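Asker: Next up is a structure, given as structure tokens.
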Amino acid sequence: MSTSESSVPAEPETADATQSFADLGLDAAVLKALKDVGYETPSAIQAATIPLLMAGHDVIGMAQTGTGKTAAFALPVLSQLDPGAQKPQALVLAPTRELALQVCEAFESYAAHLKGVRVLPIYGGQGYGTQLSALRRGVQVVVGTPGRIMDHLDKKTLDLSELRFLVLDEADEMLRMGFAEDVETILAETPAEKQVALFSATMPAQIRRISQQYLRDPKEITVKNKTATSANITQRYLVVSYPQKVDALTRILEVENFEGMIVFVRTKNETETLAEKLRARGYTAAAISGDVAQAQRERTVNQLKSGKLDILVATDVAARGLDVDRISHVVNYDLPIDTESYVHRIGRTGRAGRTGDAISFVTPRERRMLTAIEKATRQPLTQMQLPSVEDVNATRLTRFDDAITAALEQSPRIERFRVIIAHYVEHHDIPEVDVAAALAVVAQGETPLLLSAEDDRPQRFDDRERPERADRDRGDRPERRSRPSNSSLAKYRIAVGRRHRVEPRQIVGALANEGGLKREDFGQIDIRPDFSLVELPADLPNDVLDRLSGTRISGRLIELRLDRGAPGGRSDRERKPRQY
Ligand code: AMP
């Protein structure tokens, strides 16, 4: 971790295990909310950023999703709000409405014990009515996409005259989406005396320039990746959505040949919940977190050493320094918030010259974190597939066979039962194999021995199944409509073209903002004199189409509709379309 100013004390390379949120000067009500959500220690970016923001500095944070950057700005902002004032005091700009909503949820959970603090999301595609009435009632924090915020400023429906904090989240992404002008206008037209925090995964020249122009003596925070490799540990990853994680873990437990295992989760609350779920599935599992008393922790670790316990569900802090030879597997049920923790976690296996296995669950949006891990460990992780029903059943049958073989070796007991069975066969005239099958049914109980094809149906997950924010990885928020990369695109026509001086970035920005689309949703954009053709997913739902057709670009209604042959348009061969 480094800061650009020598006046700021050198920050630790990563979050220090002994540092606590209580050391960072946050408001007591915010600390209480942190206790509820179960975070143990500040992440590296939080430990570095929070004291600076609490001290009134402007900050530039080089951080990407998954590092805990949202809390890095939300916690100090909330700690310094005046709940009595009714005009917005904090504004967070985010590139997409998904991110705006996530940031809002985060603010709300951290503000749970702050009386009277209201947080409002403002994004394109949502009716103005709700936003206007909420603004009239009074809010302290607004989280929005730049386009819609600008609309409100133009209409004078958003009063930022008392703004004290401005956060630019994923600044590079906002620029890529064509919001540079809007962002600059907002920076310039809000009170000069505000504190600004800018977060960005990359630092292109344009962001440097904006920072120099609008931020006052900003302190810059970057997370450095230390490297460490562990050649005796096989590292794999599995792409799963949040709701699939328990099922995925259960299947892995069935097919992997493990002795002892540590399953890492992000929060204290989750350790207990997951351990309970594993116990319910018949595994010997226990939870340890920073909250567990030392004596209890030692007892649990001893049980793991002796084999009384096979699975430990732990947080980073709880598993620090754990040295148990039996641990053959580490599962990162939730990815850690920095690469340092990853290296530390997987180092819990492959002890005493043994080999080890590390399996990381990666949600689709966490792929960037995966790349960072690969860079830090200088080892590629191999992708694995969710064990199939056939894999699981093959393992179950092998175990069943092994159990029979082992039982046959239990000599005095087998002798006694042989007499009883022989008596049964004689008196009922039933073949021995049928009797054996009947006994298997008795032994198996209600649980089927094998999984059925039904169990392999892809998991559907929608908003109703969404876990609480504190318990889930933000990355796997079910997308409104995440388009598989191979799904087809269709050409849509919009009523703005070269004559109206539109540029591709404006089109991307407006459609993304109003329709909740992502960059991957865009294909080619072809700007003609009077209209433009834009490739978007062929299966856009009607409500999105309605919203998009009512969108304005440069003040003109775009009247988006499917393009059917473009009468009057020039042939596609005339212009080389731009690829997005
Ligand atoms: P972000 O980088 O802000 O998108 O956060 C990534 C995830 O980390 C979110 O699910 C947060 O709830 C979680 N998180 C943030 N800070 C911490 C922390 N100090 N300890 C554990 N989890 C955290």
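By convention in this document, the chains of the structure tokens carry letters A, B, ... by their order, each chain's residues are numbered from 1, and ligands are numbered from 1 in the order they are shown.
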Residues within 9 Å of ligand 1 (only C-alpha atoms and all ligand atoms), as a VMD selection string?

Answerer: chain A and resid 15 21 34 37 to 44 46 to 47 63 to 72 99 102 to 103 106 265 to 268 315 335 to 337 469 to 475

Asker: Name the residues of stretch 90-262 of chain A that come out as strand (DSSP E) in a backbone DSSP run; write them as a PyMOL selection string.

Answerer: chain A and resi 90-93+119-122+141-144+165-168+195-200+219-222+233-239+260-262

Asker: Would you mind exporting N, CA, C and O atoms of the selected residues as a CSV table (one decimal), in the first residue's frame?

Answerer:
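Below is the file out-v8.csv, written as the result:
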```csv
chain,number,residue,atom,x,y,z
A,90,ALA,N,-24.1,13.8,0.3
A,90,ALA,CA,-23.1,13.0,-0.4
A,90,ALA,C,-23.7,12.5,-1.7
A,90,ALA,O,-24.9,12.1,-1.8
A,91,LEU,N,-22.9,12.5,-2.8
A,91,LEU,CA,-23.3,12.0,-4.1
A,91,LEU,C,-22.2,11.0,-4.5
A,91,LEU,O,-21.0,11.3,-4.5
A,92,VAL,N,-22.7,9.8,-4.9
A,92,VAL,CA,-21.8,8.8,-5.5
A,92,VAL,C,-22.2,8.6,-6.9
A,92,VAL,O,-23.4,8.4,-7.2
A,93,LEU,N,-21.2,8.8,-7.8
A,93,LEU,CA,-21.5,8.5,-9.3
A,93,LEU,C,-21.0,7.2,-9.6
A,93,LEU,O,-19.8,6.8,-9.3
A,119,VAL,N,-31.0,7.1,1.8
A,119,VAL,CA,-30.1,6.9,0.7
A,119,VAL,C,-31.0,6.7,-0.6
A,119,VAL,O,-31.9,5.9,-0.5
A,120,LEU,N,-30.7,7.4,-1.6
A,120,LEU,CA,-31.6,7.3,-2.8
A,120,LEU,C,-30.8,7.0,-4.1
A,120,LEU,O,-29.9,7.6,-4.4
A,121,PRO,N,-31.2,5.9,-4.8
A,121,PRO,CA,-30.6,5.6,-6.0
A,121,PRO,C,-31.3,6.4,-7.1
A,121,PRO,O,-32.5,6.5,-7.1
A,122,ILE,N,-30.5,6.9,-8.1
A,122,ILE,CA,-31.1,7.7,-9.2
A,122,ILE,C,-30.4,7.2,-10.4
A,122,ILE,O,-29.2,7.4,-10.6
A,141,VAL,N,-27.9,10.9,1.1
A,141,VAL,CA,-27.0,10.3,0.1
A,141,VAL,C,-27.7,10.0,-1.2
A,141,VAL,O,-28.7,9.4,-1.1
A,142,VAL,N,-27.1,10.4,-2.3
A,142,VAL,CA,-27.7,10.1,-3.6
A,142,VAL,C,-26.6,9.2,-4.3
A,142,VAL,O,-25.4,9.6,-4.3
A,143,VAL,N,-27.0,8.1,-4.9
A,143,VAL,CA,-26.1,7.3,-5.6
A,143,VAL,C,-26.7,7.2,-7.0
A,143,VAL,O,-27.8,6.7,-7.2
A,144,GLY,N,-26.0,7.6,-8.0
A,144,GLY,CA,-26.6,7.6,-9.3
A,144,GLY,C,-25.7,7.5,-10.5
A,144,GLY,O,-24.5,7.6,-10.4
A,165,PHE,N,-19.7,15.7,0.1
A,165,PHE,CA,-18.9,14.5,-0.4
A,165,PHE,C,-19.3,14.1,-1.8
A,165,PHE,O,-20.5,14.0,-2.1
A,166,LEU,N,-18.3,14.0,-2.6
A,166,LEU,CA,-18.5,13.5,-4.0
A,166,LEU,C,-17.6,12.3,-4.2
A,166,LEU,O,-16.4,12.4,-4.1
A,167,VAL,N,-18.2,11.1,-4.6
A,167,VAL,CA,-17.4,9.9,-4.9
A,167,VAL,C,-17.6,9.5,-6.3
A,167,VAL,O,-18.7,9.4,-6.8
A,168,LEU,N,-16.5,9.3,-7.0
A,168,LEU,CA,-16.6,8.7,-8.4
A,168,LEU,C,-16.2,7.3,-8.3
A,168,LEU,O,-15.0,7.0,-8.0
A,195,GLN,N,-15.4,17.3,-0.4
A,195,GLN,CA,-14.3,16.3,-0.4
A,195,GLN,C,-14.6,15.4,-1.5
A,195,GLN,O,-15.8,14.9,-1.7
A,196,VAL,N,-13.6,15.0,-2.3
A,196,VAL,CA,-13.8,14.1,-3.4
A,196,VAL,C,-13.0,12.8,-3.3
A,196,VAL,O,-11.8,12.9,-2.9
A,197,ALA,N,-13.6,11.7,-3.5
A,197,ALA,CA,-12.9,10.4,-3.5
A,197,ALA,C,-13.1,9.8,-4.9
A,197,ALA,O,-14.2,9.7,-5.4
A,198,LEU,N,-12.0,9.4,-5.5
A,198,LEU,CA,-12.1,8.8,-6.9
A,198,LEU,C,-11.6,7.4,-6.9
A,198,LEU,O,-10.4,7.2,-6.4
A,199,PHE,N,-12.4,6.5,-7.3
A,199,PHE,CA,-11.9,5.1,-7.3
A,199,PHE,C,-11.9,4.6,-8.8
A,199,PHE,O,-12.8,4.9,-9.5
A,200,SER,N,-10.8,3.9,-9.1
A,200,SER,CA,-10.7,3.5,-10.5
A,200,SER,C,-9.8,2.3,-10.5
A,200,SER,O,-8.8,2.2,-9.7
A,219,LYS,N,-4.6,12.3,-1.9
A,219,LYS,CA,-3.7,11.3,-1.4
A,219,LYS,C,-4.0,10.0,-2.3
A,219,LYS,O,-5.2,9.7,-2.4
A,220,GLU,N,-3.0,9.4,-2.8
A,220,GLU,CA,-3.2,8.3,-3.7
A,220,GLU,C,-3.0,7.0,-3.0
A,220,GLU,O,-1.9,6.8,-2.4
A,221,ILE,N,-3.9,6.1,-3.2
A,221,ILE,CA,-3.7,4.7,-2.5
A,221,ILE,C,-3.7,3.7,-3.6
A,221,ILE,O,-4.6,3.6,-4.5
A,222,THR,N,-2.7,2.9,-3.6
A,222,THR,CA,-2.6,1.7,-4.5
A,222,THR,C,-2.3,0.5,-3.7
A,222,THR,O,-1.5,0.5,-2.8
A,233,ILE,N,1.0,-27.0,-4.3
A,233,ILE,CA,-0.4,-26.9,-4.2
A,233,ILE,C,-1.1,-26.8,-5.6
A,233,ILE,O,-0.7,-25.9,-6.4
A,234,THR,N,-2.0,-27.6,-5.9
A,234,THR,CA,-2.7,-27.6,-7.1
A,234,THR,C,-3.9,-26.6,-7.0
A,234,THR,O,-4.7,-26.7,-6.1
A,235,GLN,N,-3.9,-25.6,-7.8
A,235,GLN,CA,-4.9,-24.5,-7.7
A,235,GLN,C,-5.9,-24.6,-8.8
A,235,GLN,O,-5.6,-24.6,-10.0
A,236,ARG,N,-7.2,-24.7,-8.4
A,236,ARG,CA,-8.2,-24.8,-9.4
A,236,ARG,C,-9.3,-23.7,-9.1
A,236,ARG,O,-9.4,-23.3,-7.9
A,237,TYR,N,-10.1,-23.4,-10.0
A,237,TYR,CA,-11.3,-22.6,-9.7
A,237,TYR,C,-12.5,-23.1,-10.4
A,237,TYR,O,-12.4,-23.8,-11.4
A,238,LEU,N,-13.6,-22.7,-9.9
A,238,LEU,CA,-14.9,-23.2,-10.4
A,238,LEU,C,-15.8,-21.9,-10.5
A,238,LEU,O,-15.9,-21.2,-9.6
A,239,VAL,N,-16.4,-21.7,-11.7
A,239,VAL,CA,-17.3,-20.5,-11.8
A,239,VAL,C,-18.6,-20.9,-11.4
A,239,VAL,O,-19.2,-21.9,-11.9
A,260,GLY,N,-8.6,-33.5,5.5
A,260,GLY,CA,-9.1,-32.4,6.2
A,260,GLY,C,-9.3,-31.2,5.3
A,260,GLY,O,-8.6,-31.1,4.3
A,261,MET,N,-10.2,-30.3,5.6
A,261,MET,CA,-10.5,-29.2,4.7
A,261,MET,C,-10.8,-27.9,5.5
A,261,MET,O,-11.4,-27.9,6.5
A,262,ILE,N,-10.3,-26.8,4.9
A,262,ILE,CA,-10.7,-25.5,5.4
A,262,ILE,C,-11.5,-24.8,4.4
A,262,ILE,O,-11.1,-24.7,3.2
```

Asker: Counting only C-alpha atoms, what is within 12 Å of A:Asp82, bar same-chain residues fewer than 4 positions away, as a PyMOL selection string?

Answerer: chain A and resi 27+77-78+86-90+114-118+139-141+162-165

Asker: Do a neighbour search on A:Thr190 at 7 Å with only C-alpha atoms, toss out local chain neighbours closer than 4 positions, and write the hits as a PDB file with N, CA, C and O atoms, in the first residue's frame.

Answerer:
```pdb
ATOM      1  N   LEU A 160     -27.809  20.310  -5.263  1.00  0.00           N
ATOM      2  CA  LEU A 160     -26.537  19.855  -4.691  1.00  0.00           C
ATOM      3  C   LEU A 160     -25.783  21.009  -4.033  1.00  0.00           C
ATOM      4  O   LEU A 160     -24.570  20.942  -3.851  1.00  0.00           O
ATOM      5  N   SER A 161     -26.514  22.037  -3.656  1.00  0.00           N
ATOM      6  CA  SER A 161     -25.835  23.226  -3.125  1.00  0.00           C
ATOM      7  C   SER A 161     -25.176  22.956  -1.772  1.00  0.00           C
ATOM      8  O   SER A 161     -24.303  23.686  -1.340  1.00  0.00           O
ATOM      9  N   LEU A 163     -23.758  19.961  -1.006  1.00  0.00           N
ATOM     10  CA  LEU A 163     -22.992  18.731  -1.140  1.00  0.00           C
ATOM     11  C   LEU A 163     -21.643  18.846  -0.418  1.00  0.00           C
ATOM     12  O   LEU A 163     -20.936  19.831  -0.585  1.00  0.00           O
ATOM     13  N   ILE A 186     -20.499  17.777 -13.355  1.00  0.00           N
ATOM     14  CA  ILE A 186     -20.943  17.603 -11.965  1.00  0.00           C
ATOM     15  C   ILE A 186     -19.829  18.035 -11.001  1.00  0.00           C
ATOM     16  O   ILE A 186     -20.077  18.726 -10.007  1.00  0.00           O
TER      17      ILE A 186
END
```

Asker: Which residue out of A:Phe258, A:Glu340, A:Asp151, A:Arg348 has the minimum interatomic distance to A:Asp310 when only C-alpha atoms are used?

Answerer: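 Checking each of A:Phe258, A:Glu340, A:Asp151, A:Arg348 against A:Asp310, counting only C-alpha atoms, the winner is A:Phe258.
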
Asker: Nearest to A:Glu181: which of A:Gly509, A:Glu432, A:Pro51, A:Ala293 is it, counting only C-alpha atoms?

Answerer: A:Gly509

Asker: Find the distance between atom CA of A:Asp334 and atom CA of A:Val240 and write it in Å to one decimal.

Answerer: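 We find that atom CA of A:Asp334 and atom CA of A:Val240 lie 10.6 Å from each other.
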